[in-house]
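The data block below is final11.tsv; it holds TSV, C-alpha atoms.
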```tsv
chain	number	residue	atom	x	y	z
A	2	MET	CA	0.00	0.00	0.00
A	3	THR	CA	1.33	3.44	-0.96
A	4	ARG	CA	1.68	5.75	2.02
A	5	THR	CA	0.47	9.33	1.91
A	6	PRO	CA	3.02	12.17	2.21
A	7	LYS	CA	1.79	12.81	5.77
A	8	ALA	CA	2.27	9.14	6.67
A	9	ARG	CA	5.80	9.18	5.23
A	10	ALA	CA	6.60	12.36	7.17
A	11	ASP	CA	5.23	10.90	10.40
A	12	ALA	CA	7.29	7.74	9.86
A	13	ALA	CA	10.45	9.80	9.27
A	14	ALA	CA	9.79	11.83	12.43
A	15	THR	CA	9.28	8.64	14.42
A	16	GLY	CA	12.52	7.24	13.05
A	17	THR	CA	14.36	10.37	14.19
A	18	LEU	CA	12.94	10.12	17.72
A	19	ASP	CA	13.77	6.40	17.88
A	20	LYS	CA	17.46	7.33	17.80
A	21	ALA	CA	17.15	8.41	21.44
A	22	ALA	CA	17.77	4.79	22.44
A	23	ASP	CA	21.30	4.98	20.97
A	24	GLU	CA	22.46	7.95	23.05
A	25	ASN	CA	25.00	7.64	25.88
A	26	PHE	CA	22.48	9.07	28.35
A	27	PRO	CA	18.74	8.73	28.96
A	28	VAL	CA	16.85	11.36	26.97
A	29	ALA	CA	13.41	11.22	28.60
A	30	PRO	CA	13.27	8.29	31.05
A	31	PHE	CA	10.00	6.81	32.30
A	32	PHE	CA	10.30	8.13	35.86
A	33	LEU	CA	9.88	11.77	34.82
A	34	PRO	CA	6.50	13.51	34.79
A	35	ARG	CA	4.73	13.00	31.46
A	36	ALA	CA	4.85	16.72	30.62
A	37	TRP	CA	8.63	16.78	31.07
A	38	ARG	CA	9.04	13.66	28.96
A	39	ASP	CA	7.00	15.16	26.16
A	40	ASP	CA	8.93	18.43	26.26
A	41	LEU	CA	12.32	16.72	26.40
A	42	MET	CA	11.45	14.48	23.45
A	43	ALA	CA	10.28	17.52	21.47
A	44	VAL	CA	13.66	19.19	22.07
A	45	TYR	CA	15.47	15.93	21.31
A	46	GLY	CA	13.61	15.65	18.02
A	47	PHE	CA	14.85	19.10	17.03
A	48	ALA	CA	18.44	18.41	18.12
A	49	ARG	CA	18.58	14.99	16.47
A	50	LEU	CA	17.13	16.26	13.20
A	51	VAL	CA	19.50	19.21	12.92
A	52	ASP	CA	22.44	16.84	13.55
A	53	ASP	CA	21.11	14.45	10.90
A	54	ILE	CA	20.91	17.34	8.43
A	55	GLY	CA	24.48	18.36	9.25
A	56	ASP	CA	25.77	14.78	8.97
A	57	GLY	CA	23.84	13.89	5.83
A	58	ASP	CA	21.92	11.20	7.73
A	59	LEU	CA	18.36	12.15	6.83
A	60	ALA	CA	15.87	9.40	6.09
A	61	PRO	CA	15.81	8.30	2.45
A	62	GLY	CA	13.15	9.73	0.19
A	63	GLY	CA	13.70	13.44	0.81
A	64	ALA	CA	10.61	13.97	3.00
A	65	ASP	CA	12.47	16.28	5.39
A	66	ALA	CA	13.69	18.55	2.60
A	67	ARG	CA	10.24	18.65	1.00
A	68	HIS	CA	8.63	19.71	4.28
A	69	LEU	CA	11.16	22.49	4.58
A	70	GLY	CA	10.43	23.71	1.04
A	71	VAL	CA	13.86	22.84	-0.34
A	72	ASP	CA	14.00	22.26	-4.08
A	73	PRO	CA	14.56	18.51	-4.73
A	74	GLU	CA	17.67	19.37	-6.74
A	75	ARG	CA	19.16	20.95	-3.61
A	76	SER	CA	18.06	18.33	-1.08
A	77	GLU	CA	21.67	17.12	-0.75
A	78	ASP	CA	22.93	20.65	-0.11
A	79	ARG	CA	23.29	20.58	3.67
A	80	LEU	CA	23.73	24.34	4.04
A	81	ALA	CA	20.60	24.96	1.99
A	82	VAL	CA	18.60	22.52	4.12
A	83	LEU	CA	19.98	24.08	7.33
A	84	ASP	CA	18.95	27.53	6.09
A	85	ALA	CA	15.43	26.25	5.38
A	86	PHE	CA	15.35	24.55	8.77
A	87	GLU	CA	16.28	27.82	10.48
A	88	ALA	CA	13.51	29.61	8.57
A	89	ASP	CA	11.04	26.97	9.77
A	90	LEU	CA	12.34	27.36	13.34
A	91	HIS	CA	11.47	31.07	13.22
A	92	ARG	CA	7.90	30.02	12.39
A	93	VAL	CA	7.83	28.17	15.74
A	94	PHE	CA	8.32	31.49	17.54
A	95	ALA	CA	6.26	33.69	15.23
A	96	PRO	CA	3.13	35.04	16.97
A	97	VAL	CA	1.17	34.92	13.71
A	98	GLY	CA	1.17	32.76	10.61
A	99	ASP	CA	0.45	29.13	9.86
A	100	GLY	CA	3.29	27.79	11.99
A	101	PRO	CA	6.22	25.53	11.12
A	102	HIS	CA	6.03	23.05	8.26
A	103	HIS	CA	8.19	20.20	9.53
A	104	PRO	CA	6.41	17.68	11.82
A	105	LEU	CA	9.16	17.76	14.45
A	106	LEU	CA	9.03	21.54	14.60
A	107	ARG	CA	5.26	21.47	14.85
A	108	ALA	CA	5.71	19.14	17.82
A	109	LEU	CA	8.21	21.58	19.35
A	110	ARG	CA	5.86	24.57	19.25
A	111	PRO	CA	3.72	23.63	22.31
A	112	THR	CA	6.89	23.07	24.35
A	113	VAL	CA	8.29	26.46	23.35
A	114	ARG	CA	5.09	28.17	24.43
A	115	ARG	CA	4.54	26.18	27.62
A	116	CYS	CA	8.11	26.64	28.85
A	117	ALA	CA	8.65	30.17	27.45
A	118	LEU	CA	11.75	29.01	25.55
A	119	THR	CA	13.77	31.47	23.47
A	120	PRO	CA	15.24	30.90	19.98
A	121	ASP	CA	18.90	31.26	21.01
A	122	PRO	CA	19.65	27.67	22.10
A	123	PHE	CA	18.03	26.28	18.97
A	124	LEU	CA	19.87	28.72	16.74
A	125	GLY	CA	23.13	27.67	18.41
A	126	LEU	CA	22.53	24.04	17.46
A	127	ILE	CA	21.84	25.02	13.86
A	128	GLU	CA	24.98	27.18	13.75
A	129	ALA	CA	27.08	24.29	15.09
A	130	ASN	CA	25.96	22.17	12.15
A	131	ARG	CA	26.72	25.00	9.73
A	132	GLN	CA	30.18	25.11	11.26
A	133	ASP	CA	30.55	21.39	10.64
A	134	GLN	CA	30.15	22.05	6.91
A	135	LYS	CA	32.92	24.65	6.92
A	136	VAL	CA	35.36	23.71	9.70
A	137	ARG	CA	36.95	20.26	9.51
A	138	ARG	CA	39.81	20.64	11.99
A	139	TYR	CA	40.34	22.43	15.35
A	140	ALA	CA	43.72	23.90	16.13
A	141	THR	CA	43.33	24.25	19.89
A	142	TYR	CA	41.29	22.90	22.77
A	143	ASP	CA	39.81	26.37	23.26
A	144	GLU	CA	38.49	26.29	19.69
A	145	LEU	CA	36.90	22.91	20.38
A	146	VAL	CA	35.27	24.20	23.58
A	147	ALA	CA	33.87	27.16	21.62
A	148	TYR	CA	32.34	24.69	19.17
A	149	CYS	CA	30.80	22.75	22.08
A	150	GLU	CA	29.24	26.02	23.27
A	151	LEU	CA	27.13	25.83	20.12
A	152	SER	CA	26.80	22.09	19.59
A	153	ALA	CA	26.15	20.78	23.12
A	154	ASN	CA	25.66	23.39	25.82
A	155	PRO	CA	22.29	24.63	24.49
A	156	VAL	CA	20.78	21.20	25.20
A	157	GLY	CA	21.59	21.35	28.90
A	158	ARG	CA	20.28	24.89	29.13
A	159	LEU	CA	17.02	23.79	27.54
A	160	VAL	CA	16.68	20.96	30.07
A	161	LEU	CA	17.05	23.46	32.92
A	162	GLN	CA	14.52	25.80	31.32
A	163	ILE	CA	11.99	23.02	30.73
A	164	THR	CA	12.26	21.92	34.36
A	165	GLY	CA	12.16	25.48	35.71
A	166	THR	CA	15.53	25.18	37.46
A	167	ALA	CA	17.82	27.47	35.45
A	168	SER	CA	20.19	29.72	37.40
A	169	PRO	CA	23.60	31.19	36.49
A	170	GLU	CA	25.49	28.63	38.61
A	171	ARG	CA	23.49	25.68	37.33
A	172	ILE	CA	23.95	26.86	33.75
A	173	ARG	CA	27.72	27.10	34.27
A	174	ARG	CA	27.90	23.56	35.60
A	175	SER	CA	25.49	22.28	32.96
A	176	ASP	CA	27.75	23.74	30.28
A	177	ALA	CA	30.69	21.80	31.73
A	178	VAL	CA	28.72	18.54	31.65
A	179	CYS	CA	27.45	19.10	28.12
A	180	THR	CA	30.90	20.00	26.82
A	181	ALA	CA	32.22	16.83	28.44
A	182	LEU	CA	29.49	14.72	26.82
A	183	GLN	CA	30.31	16.22	23.43
A	184	ILE	CA	34.02	15.49	23.87
A	185	VAL	CA	33.21	11.91	24.92
A	186	GLU	CA	31.14	11.46	21.78
A	187	HIS	CA	34.00	12.78	19.68
A	188	LEU	CA	36.37	10.30	21.32
A	189	GLN	CA	34.02	7.41	20.63
A	190	ASP	CA	33.53	8.47	17.01
A	191	VAL	CA	37.08	9.28	15.90
A	192	ALA	CA	36.96	6.78	13.02
A	193	GLU	CA	33.44	7.73	11.94
A	194	ASP	CA	34.26	11.44	12.02
A	195	LEU	CA	37.45	10.90	10.01
A	196	ALA	CA	35.40	9.10	7.35
A	197	ARG	CA	33.46	12.38	7.07
A	198	ASP	CA	36.73	14.32	6.88
A	199	ARG	CA	36.29	15.76	10.36
A	200	ILE	CA	38.76	15.63	13.25
A	201	TYR	CA	37.68	16.97	16.63
A	202	LEU	CA	40.94	16.13	18.39
A	203	PRO	CA	42.79	19.46	18.77
A	204	ALA	CA	45.75	19.73	16.41
A	205	GLU	CA	47.93	21.06	19.23
A	206	ASP	CA	47.29	17.89	21.22
A	207	MET	CA	47.87	15.64	18.22
A	208	ALA	CA	51.25	17.32	17.75
A	209	ARG	CA	52.06	16.96	21.45
A	210	PHE	CA	51.48	13.20	21.29
A	211	HIS	CA	53.05	12.83	17.83
A	212	VAL	CA	49.81	11.68	16.22
A	213	GLY	CA	49.19	12.29	12.54
A	214	GLU	CA	46.01	11.91	10.55
A	215	ASP	CA	47.31	8.68	9.06
A	216	ASP	CA	47.51	7.26	12.59
A	217	LEU	CA	43.79	7.94	13.06
A	218	ALA	CA	43.02	6.07	9.83
A	219	ALA	CA	44.60	2.84	11.07
A	220	ALA	CA	42.52	-0.22	11.94
A	221	THR	CA	43.70	-0.11	15.55
A	222	ALA	CA	45.33	2.59	17.62
A	223	GLY	CA	49.02	2.69	18.30
A	224	ALA	CA	50.56	3.80	21.58
A	225	SER	CA	50.60	7.49	20.64
A	226	VAL	CA	46.91	7.55	19.69
A	227	ARG	CA	45.98	5.71	22.88
A	228	ALA	CA	47.93	8.23	24.95
A	229	LEU	CA	46.15	11.09	23.18
A	230	ILE	CA	42.71	9.55	23.77
A	231	ALA	CA	43.58	8.96	27.43
A	232	PHE	CA	44.60	12.63	27.77
A	233	GLU	CA	41.35	13.91	26.25
A	234	SER	CA	39.39	11.43	28.37
A	235	GLN	CA	40.88	12.90	31.52
A	236	ARG	CA	39.80	16.36	30.43
A	237	ALA	CA	36.26	15.09	29.98
A	238	HIS	CA	36.37	13.40	33.40
A	239	GLU	CA	37.30	16.69	35.04
A	240	LEU	CA	34.45	18.50	33.31
A	241	LEU	CA	31.99	15.80	34.39
A	242	ASP	CA	33.19	16.18	37.98
A	243	GLU	CA	31.92	19.77	37.87
A	244	GLY	CA	28.49	18.32	37.19
A	245	THR	CA	28.27	16.59	40.54
A	246	ALA	CA	27.38	19.85	42.24
A	247	LEU	CA	24.70	20.41	39.59
A	248	VAL	CA	23.14	17.04	40.44
A	249	GLY	CA	23.25	17.85	44.15
A	250	SER	CA	21.62	21.25	43.63
A	251	VAL	CA	18.26	19.82	42.50
A	252	HIS	CA	15.86	17.33	44.02
A	253	GLY	CA	13.58	14.43	43.25
A	254	ARG	CA	13.31	12.97	39.80
A	255	LEU	CA	15.26	15.80	38.20
A	256	ARG	CA	18.26	14.82	40.32
A	257	LEU	CA	18.00	11.29	38.94
A	258	LEU	CA	17.77	12.60	35.37
A	259	LEU	CA	20.85	14.81	35.73
A	260	ALA	CA	22.70	11.98	37.45
A	261	GLY	CA	21.87	9.92	34.37
A	262	PHE	CA	23.46	12.52	32.10
A	263	VAL	CA	26.66	12.66	34.14
A	264	ALA	CA	26.74	8.89	34.61
A	265	GLY	CA	26.23	8.37	30.86
A	266	GLY	CA	29.41	10.31	30.21
A	267	ARG	CA	31.29	8.49	32.95
A	268	ALA	CA	30.13	5.09	31.69
A	269	ALA	CA	31.13	5.95	28.13
A	270	LEU	CA	34.58	7.02	29.34
A	271	GLY	CA	34.76	3.77	31.26
A	272	ALA	CA	34.09	1.89	28.04
A	273	VAL	CA	36.83	3.86	26.26
A	274	SER	CA	39.24	3.02	29.08
A	275	ALA	CA	38.20	-0.65	29.06
A	276	ALA	CA	39.05	-0.73	25.34
A	277	GLY	CA	42.58	0.37	26.20
A	278	PHE	CA	41.77	3.78	24.68
A	279	ASP	CA	41.65	2.13	21.25
A	280	VAL	CA	38.61	3.80	19.70
A	281	LEU	CA	39.56	3.17	16.07
A	282	PRO	CA	37.85	-0.20	15.53
A	283	GLY	CA	34.51	1.36	16.49
A	284	PRO	CA	32.79	3.33	19.25
A	285	PRO	CA	33.28	1.67	22.67
A	286	LYS	CA	29.82	1.52	24.27
A	287	PRO	CA	29.01	1.16	27.99
A	288	THR	CA	26.88	-1.69	29.22
A	289	ALA	CA	23.58	-1.13	31.05
A	290	PRO	CA	24.98	-2.50	34.36
A	291	ARG	CA	27.93	-0.11	34.08
A	292	LEU	CA	25.59	2.82	33.51
A	293	LEU	CA	23.48	1.90	36.54
A	294	ARG	CA	26.58	1.61	38.73
A	295	ASP	CA	27.73	5.04	37.60
A	296	VAL	CA	24.31	6.55	38.30
A	297	GLY	CA	24.56	5.23	41.85
A	298	ALA	CA	28.10	6.58	42.24
A	299	VAL	CA	27.09	10.04	41.01
A	300	LEU	CA	24.08	10.17	43.34
A	301	ARG	CA	26.16	9.12	46.36
A	302	ARG	CA	28.84	11.68	45.61
A	303	ALA	CA	26.24	14.41	45.05
A	304	HIS	CA	24.66	13.58	48.42
A	305	ARG	CA	28.02	13.81	50.19
A	306	GLU	CA	28.96	17.10	48.55
A	307	ARG	CA	25.68	18.95	49.16
```
Please express the file's structure as structure tokens.
Amino acid sequence: MTRTPKARADAAATGTLDKAADENFPVAPFFLPRAWRDDLMAVYGFARLVDDIGDGDLAPGGADARHLGVDPERSEDRLAVLDAFEADLHRVFAPVGDGPHHPLLRALRPTVRRCALTPDPFLGLIEANRQDQKVRRYATYDELVAYCELSANPVGRLVLQITGTASPERIRRSDAVCTALQIVEHLQDVAEDLARDRIYLPAEDMARFHVGEDDLAAATAGASVRALIAFESQRAHELLDEGTALVGSVHGRLRLLLAGFVAGGRAALGAVSAAGFDVLPGPPKPTAPRLLRDVGAVLRRAHRER
């Protein structure tokens, strides 16, 4: 049976949301209030879709580009699709008009209104994916952190806004956790990123550990690459440690959610360490028992440090 355009669009949107199960951290776990879960999944749908546009991972068939009004001949032009996506985002916030065209942005609109969200975090995520089309290498760690300010930190800020817990100190610590999670993802995906002609390991650190791009293209990591990955892992660990105070500053189910974010990063780093810091054969993934143990460890430490 031939599906209608709406049915194809709904299926593509569902496929995007289904990717939440593959993340290092729980996106909208069952123990949260239903309203929070709905709002978090709406934000996740936006963030996942904009990343898929930037990575060229949209569902086959071109439904996303059609919804955004992109000419079929330009549906493979990532910058053109990102521009159209940004235009549709502005429709989410427009007080008049027929609203956004893409199903995932239509789903985001009630969340934006209910939580009084602003465009800035969403625009940051779009700009990060524009940057991915133009910037393939990062010279310094500071440059990488500035990229994470666009690509990761807005997500944590949106979580705090949705849950009504944003404050300057919490935002600062949330930024540290989100930057750490982004760095962890880059460490897991070194081989995948290189296949896309992207390297998120700072060039200054690669030089320090005598690692060249050819070393990253090998089937398995040599001693120099392993030492580099261990060094970057320690940086991510230190950033995650700043998140413990964030976890301890909130209560109830939100504390458990934030502990899950921090623990997801810790568990992923544990998987990288368990692989001997050899991330080249494929992304080391944490097991569910390891994640649960790390959640417990984060909660205990947060309780002690309150």
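Near A:Met207, within 12 Å and counting all atoms listed in the file, sit Arg138, Tyr139, Ala140, Thr141, Tyr142, Ile200, Tyr201, Leu202, Pro203, His211, Val212, Gly213, Glu214, Asp215, Asp216, Leu217, Ser225, Val226, Arg227, Ala228, Leu229, Ile230, Phe232 and Glu233 of chain A, not including residues fewer than 4 positions from it in the same chain.
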Practice problem: Go ahead and find all residues with at least one atom no further than 8 Å from (22.7, 21.7, 15.3) in the file's coordinates, using all atoms listed in the file; report them as a PyMOL selection string. | Solution: chain A and resi 48-49+51-52+55+123-131+151-152
Using only C-alpha atoms, find each residue of stretch 136-188 of chain A with at least one atom at most 9 Å away from an atom of stretch 104-117 of chain A; report its shortest atom-to-atom pair and that distance in Å (one decimal), sort the rows by chain and rising residue number, and return the result as JSON lines.
```
{"residue": "A:Gln162", "atom": "CA", "partner": "A:Cys116", "partner_atom": "CA", "distance": 6.9}
{"residue": "A:Ile163", "atom": "CA", "partner": "A:Cys116", "partner_atom": "CA", "distance": 5.6}
{"residue": "A:Thr164", "atom": "CA", "partner": "A:Cys116", "partner_atom": "CA", "distance": 8.4}
{"residue": "A:Gly165", "atom": "CA", "partner": "A:Cys116", "partner_atom": "CA", "distance": 8.1}
```
Practice problem: Name the residues in contact with A:Leu241 at a cut-off of 6 Å, using all atoms listed in the file, excluding same-chain residues fewer than 3 positions from it; report them as a VMD selection string. | Solution: chain A and resid 178 238 244
Exercise. For stretch 281-287 of chain A, work out the shell of residues within 10 Å, counting all atoms listed in the file and skipping chain neighbours fewer than 5 positions away, then give it as a ChimeraX atom specification.
Key: /A:23-25,186-193,216-223,226-227,265-276,292
I need the residues from that last selection saved to file as a PDB file, in the frame of the given file (with C-alpha atoms), if you can.
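Dumped everything to out_30.pdb:
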```pdb
ATOM      1  CA  ASP A  23      21.300   4.980  20.970  1.00  0.00           C
ATOM      2  CA  GLU A  24      22.460   7.950  23.050  1.00  0.00           C
ATOM      3  CA  ASN A  25      25.000   7.640  25.880  1.00  0.00           C
ATOM      4  CA  GLU A 186      31.140  11.460  21.780  1.00  0.00           C
ATOM      5  CA  HIS A 187      34.000  12.780  19.680  1.00  0.00           C
ATOM      6  CA  LEU A 188      36.370  10.300  21.320  1.00  0.00           C
ATOM      7  CA  GLN A 189      34.020   7.410  20.630  1.00  0.00           C
ATOM      8  CA  ASP A 190      33.530   8.470  17.010  1.00  0.00           C
ATOM      9  CA  VAL A 191      37.080   9.280  15.900  1.00  0.00           C
ATOM     10  CA  ALA A 192      36.960   6.780  13.020  1.00  0.00           C
ATOM     11  CA  GLU A 193      33.440   7.730  11.940  1.00  0.00           C
ATOM     12  CA  ASP A 216      47.510   7.260  12.590  1.00  0.00           C
ATOM     13  CA  LEU A 217      43.790   7.940  13.060  1.00  0.00           C
ATOM     14  CA  ALA A 218      43.020   6.070   9.830  1.00  0.00           C
ATOM     15  CA  ALA A 219      44.600   2.840  11.070  1.00  0.00           C
ATOM     16  CA  ALA A 220      42.520  -0.220  11.940  1.00  0.00           C
ATOM     17  CA  THR A 221      43.700  -0.110  15.550  1.00  0.00           C
ATOM     18  CA  ALA A 222      45.330   2.590  17.620  1.00  0.00           C
ATOM     19  CA  GLY A 223      49.020   2.690  18.300  1.00  0.00           C
ATOM     20  CA  VAL A 226      46.910   7.550  19.690  1.00  0.00           C
ATOM     21  CA  ARG A 227      45.980   5.710  22.880  1.00  0.00           C
ATOM     22  CA  GLY A 265      26.230   8.370  30.860  1.00  0.00           C
ATOM     23  CA  GLY A 266      29.410  10.310  30.210  1.00  0.00           C
ATOM     24  CA  ARG A 267      31.290   8.490  32.950  1.00  0.00           C
ATOM     25  CA  ALA A 268      30.130   5.090  31.690  1.00  0.00           C
ATOM     26  CA  ALA A 269      31.130   5.950  28.130  1.00  0.00           C
ATOM     27  CA  LEU A 270      34.580   7.020  29.340  1.00  0.00           C
ATOM     28  CA  GLY A 271      34.760   3.770  31.260  1.00  0.00           C
ATOM     29  CA  ALA A 272      34.090   1.890  28.040  1.00  0.00           C
ATOM     30  CA  VAL A 273      36.830   3.860  26.260  1.00  0.00           C
ATOM     31  CA  SER A 274      39.240   3.020  29.080  1.00  0.00           C
ATOM     32  CA  ALA A 275      38.200  -0.650  29.060  1.00  0.00           C
ATOM     33  CA  ALA A 276      39.050  -0.730  25.340  1.00  0.00           C
ATOM     34  CA  LEU A 292      25.590   2.820  33.510  1.00  0.00           C
TER      35      LEU A 292
END
```
Practice problem: Choose the residue, out of A:Ala204, A:Val44, A:Ala303, A:Val251, that has the smallest atom-to-atom separation from A:Asp143; count only C-alpha atoms. | Solution: A:Ala204
Practice problem: Please identify all polymer residues within 10 Å of A:Arg92, counting only C-alpha atoms, omitting same-chain residues fewer than 3 positions from it, and present them as number ranges by chain. | Solution: A: 86-89, 95-102, 106-107, 110
Writer output for current selection, C-alpha atoms, as a PDB file, in the frame of the given file:
```pdb
ATOM      1  CA  PHE A  86      15.350  24.550   8.770  1.00  0.00           C
ATOM      2  CA  GLU A  87      16.280  27.820  10.480  1.00  0.00           C
ATOM      3  CA  ALA A  88      13.510  29.610   8.570  1.00  0.00           C
ATOM      4  CA  ASP A  89      11.040  26.970   9.770  1.00  0.00           C
ATOM      5  CA  ALA A  95       6.260  33.690  15.230  1.00  0.00           C
ATOM      6  CA  PRO A  96       3.130  35.040  16.970  1.00  0.00           C
ATOM      7  CA  VAL A  97       1.170  34.920  13.710  1.00  0.00           C
ATOM      8  CA  GLY A  98       1.170  32.760  10.610  1.00  0.00           C
ATOM      9  CA  ASP A  99       0.450  29.130   9.860  1.00  0.00           C
ATOM     10  CA  GLY A 100       3.290  27.790  11.990  1.00  0.00           C
ATOM     11  CA  PRO A 101       6.220  25.530  11.120  1.00  0.00           C
ATOM     12  CA  HIS A 102       6.030  23.050   8.260  1.00  0.00           C
ATOM     13  CA  LEU A 106       9.030  21.540  14.600  1.00  0.00           C
ATOM     14  CA  ARG A 107       5.260  21.470  14.850  1.00  0.00           C
ATOM     15  CA  ARG A 110       5.860  24.570  19.250  1.00  0.00           C
TER      16      ARG A 110
END
```
Practice problem: Rounded to one decimal place, report the atom CA of A:Ile54-atom CA of A:Arg79 distance in Å. | Solution: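 Computing the Euclidean distance for atom CA of A:Ile54 and atom CA of A:Arg79 yields 6.2 Å.
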Quiz prompt | Interatomic distance, atom CA of A:Leu59 to atom CA of A:Val280 (Å, one decimal) | solution =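 Atom-to-atom, atom CA of A:Leu59 and atom CA of A:Val280 are spaced 25.4 Å apart.
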Quiz prompt | Between atom CA of A:Leu50 and atom CA of A:Arg137 - distance in Å to one decimal | solution =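 Those two atoms sit 20.6 Å apart.
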Exercise. Considering all atoms listed in the file, state which residue in the set A:Leu80, A:Asp279, A:Leu118, A:Phe94 is at the smallest distance from A:Ala231.
Key: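 Distance minimum relative to A:Ala231 lands on A:Asp279.
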To box stretch 120-125 of chain A, take all atoms listed in the file, fit an axis-aligned box, add 4 Å on each side, and give centre and edge lengths in Å to one decimal, as lines of an AutoDock Vina configuration file.
```
center_x = 19.2
center_y = 28.8
center_z = 19.4
size_x = 15.9
size_y = 13.0
size_z = 13.4
```
Practice problem: Return the single residue from A:Ala60, A:Leu33, A:Ala208, A:Ala224 that is closest to A:Phe278, with distances computed using only C-alpha atoms. | Solution: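 Between A:Ala60, A:Leu33, A:Ala208, A:Ala224, the residue approaching A:Phe278 most closely is A:Ala224.
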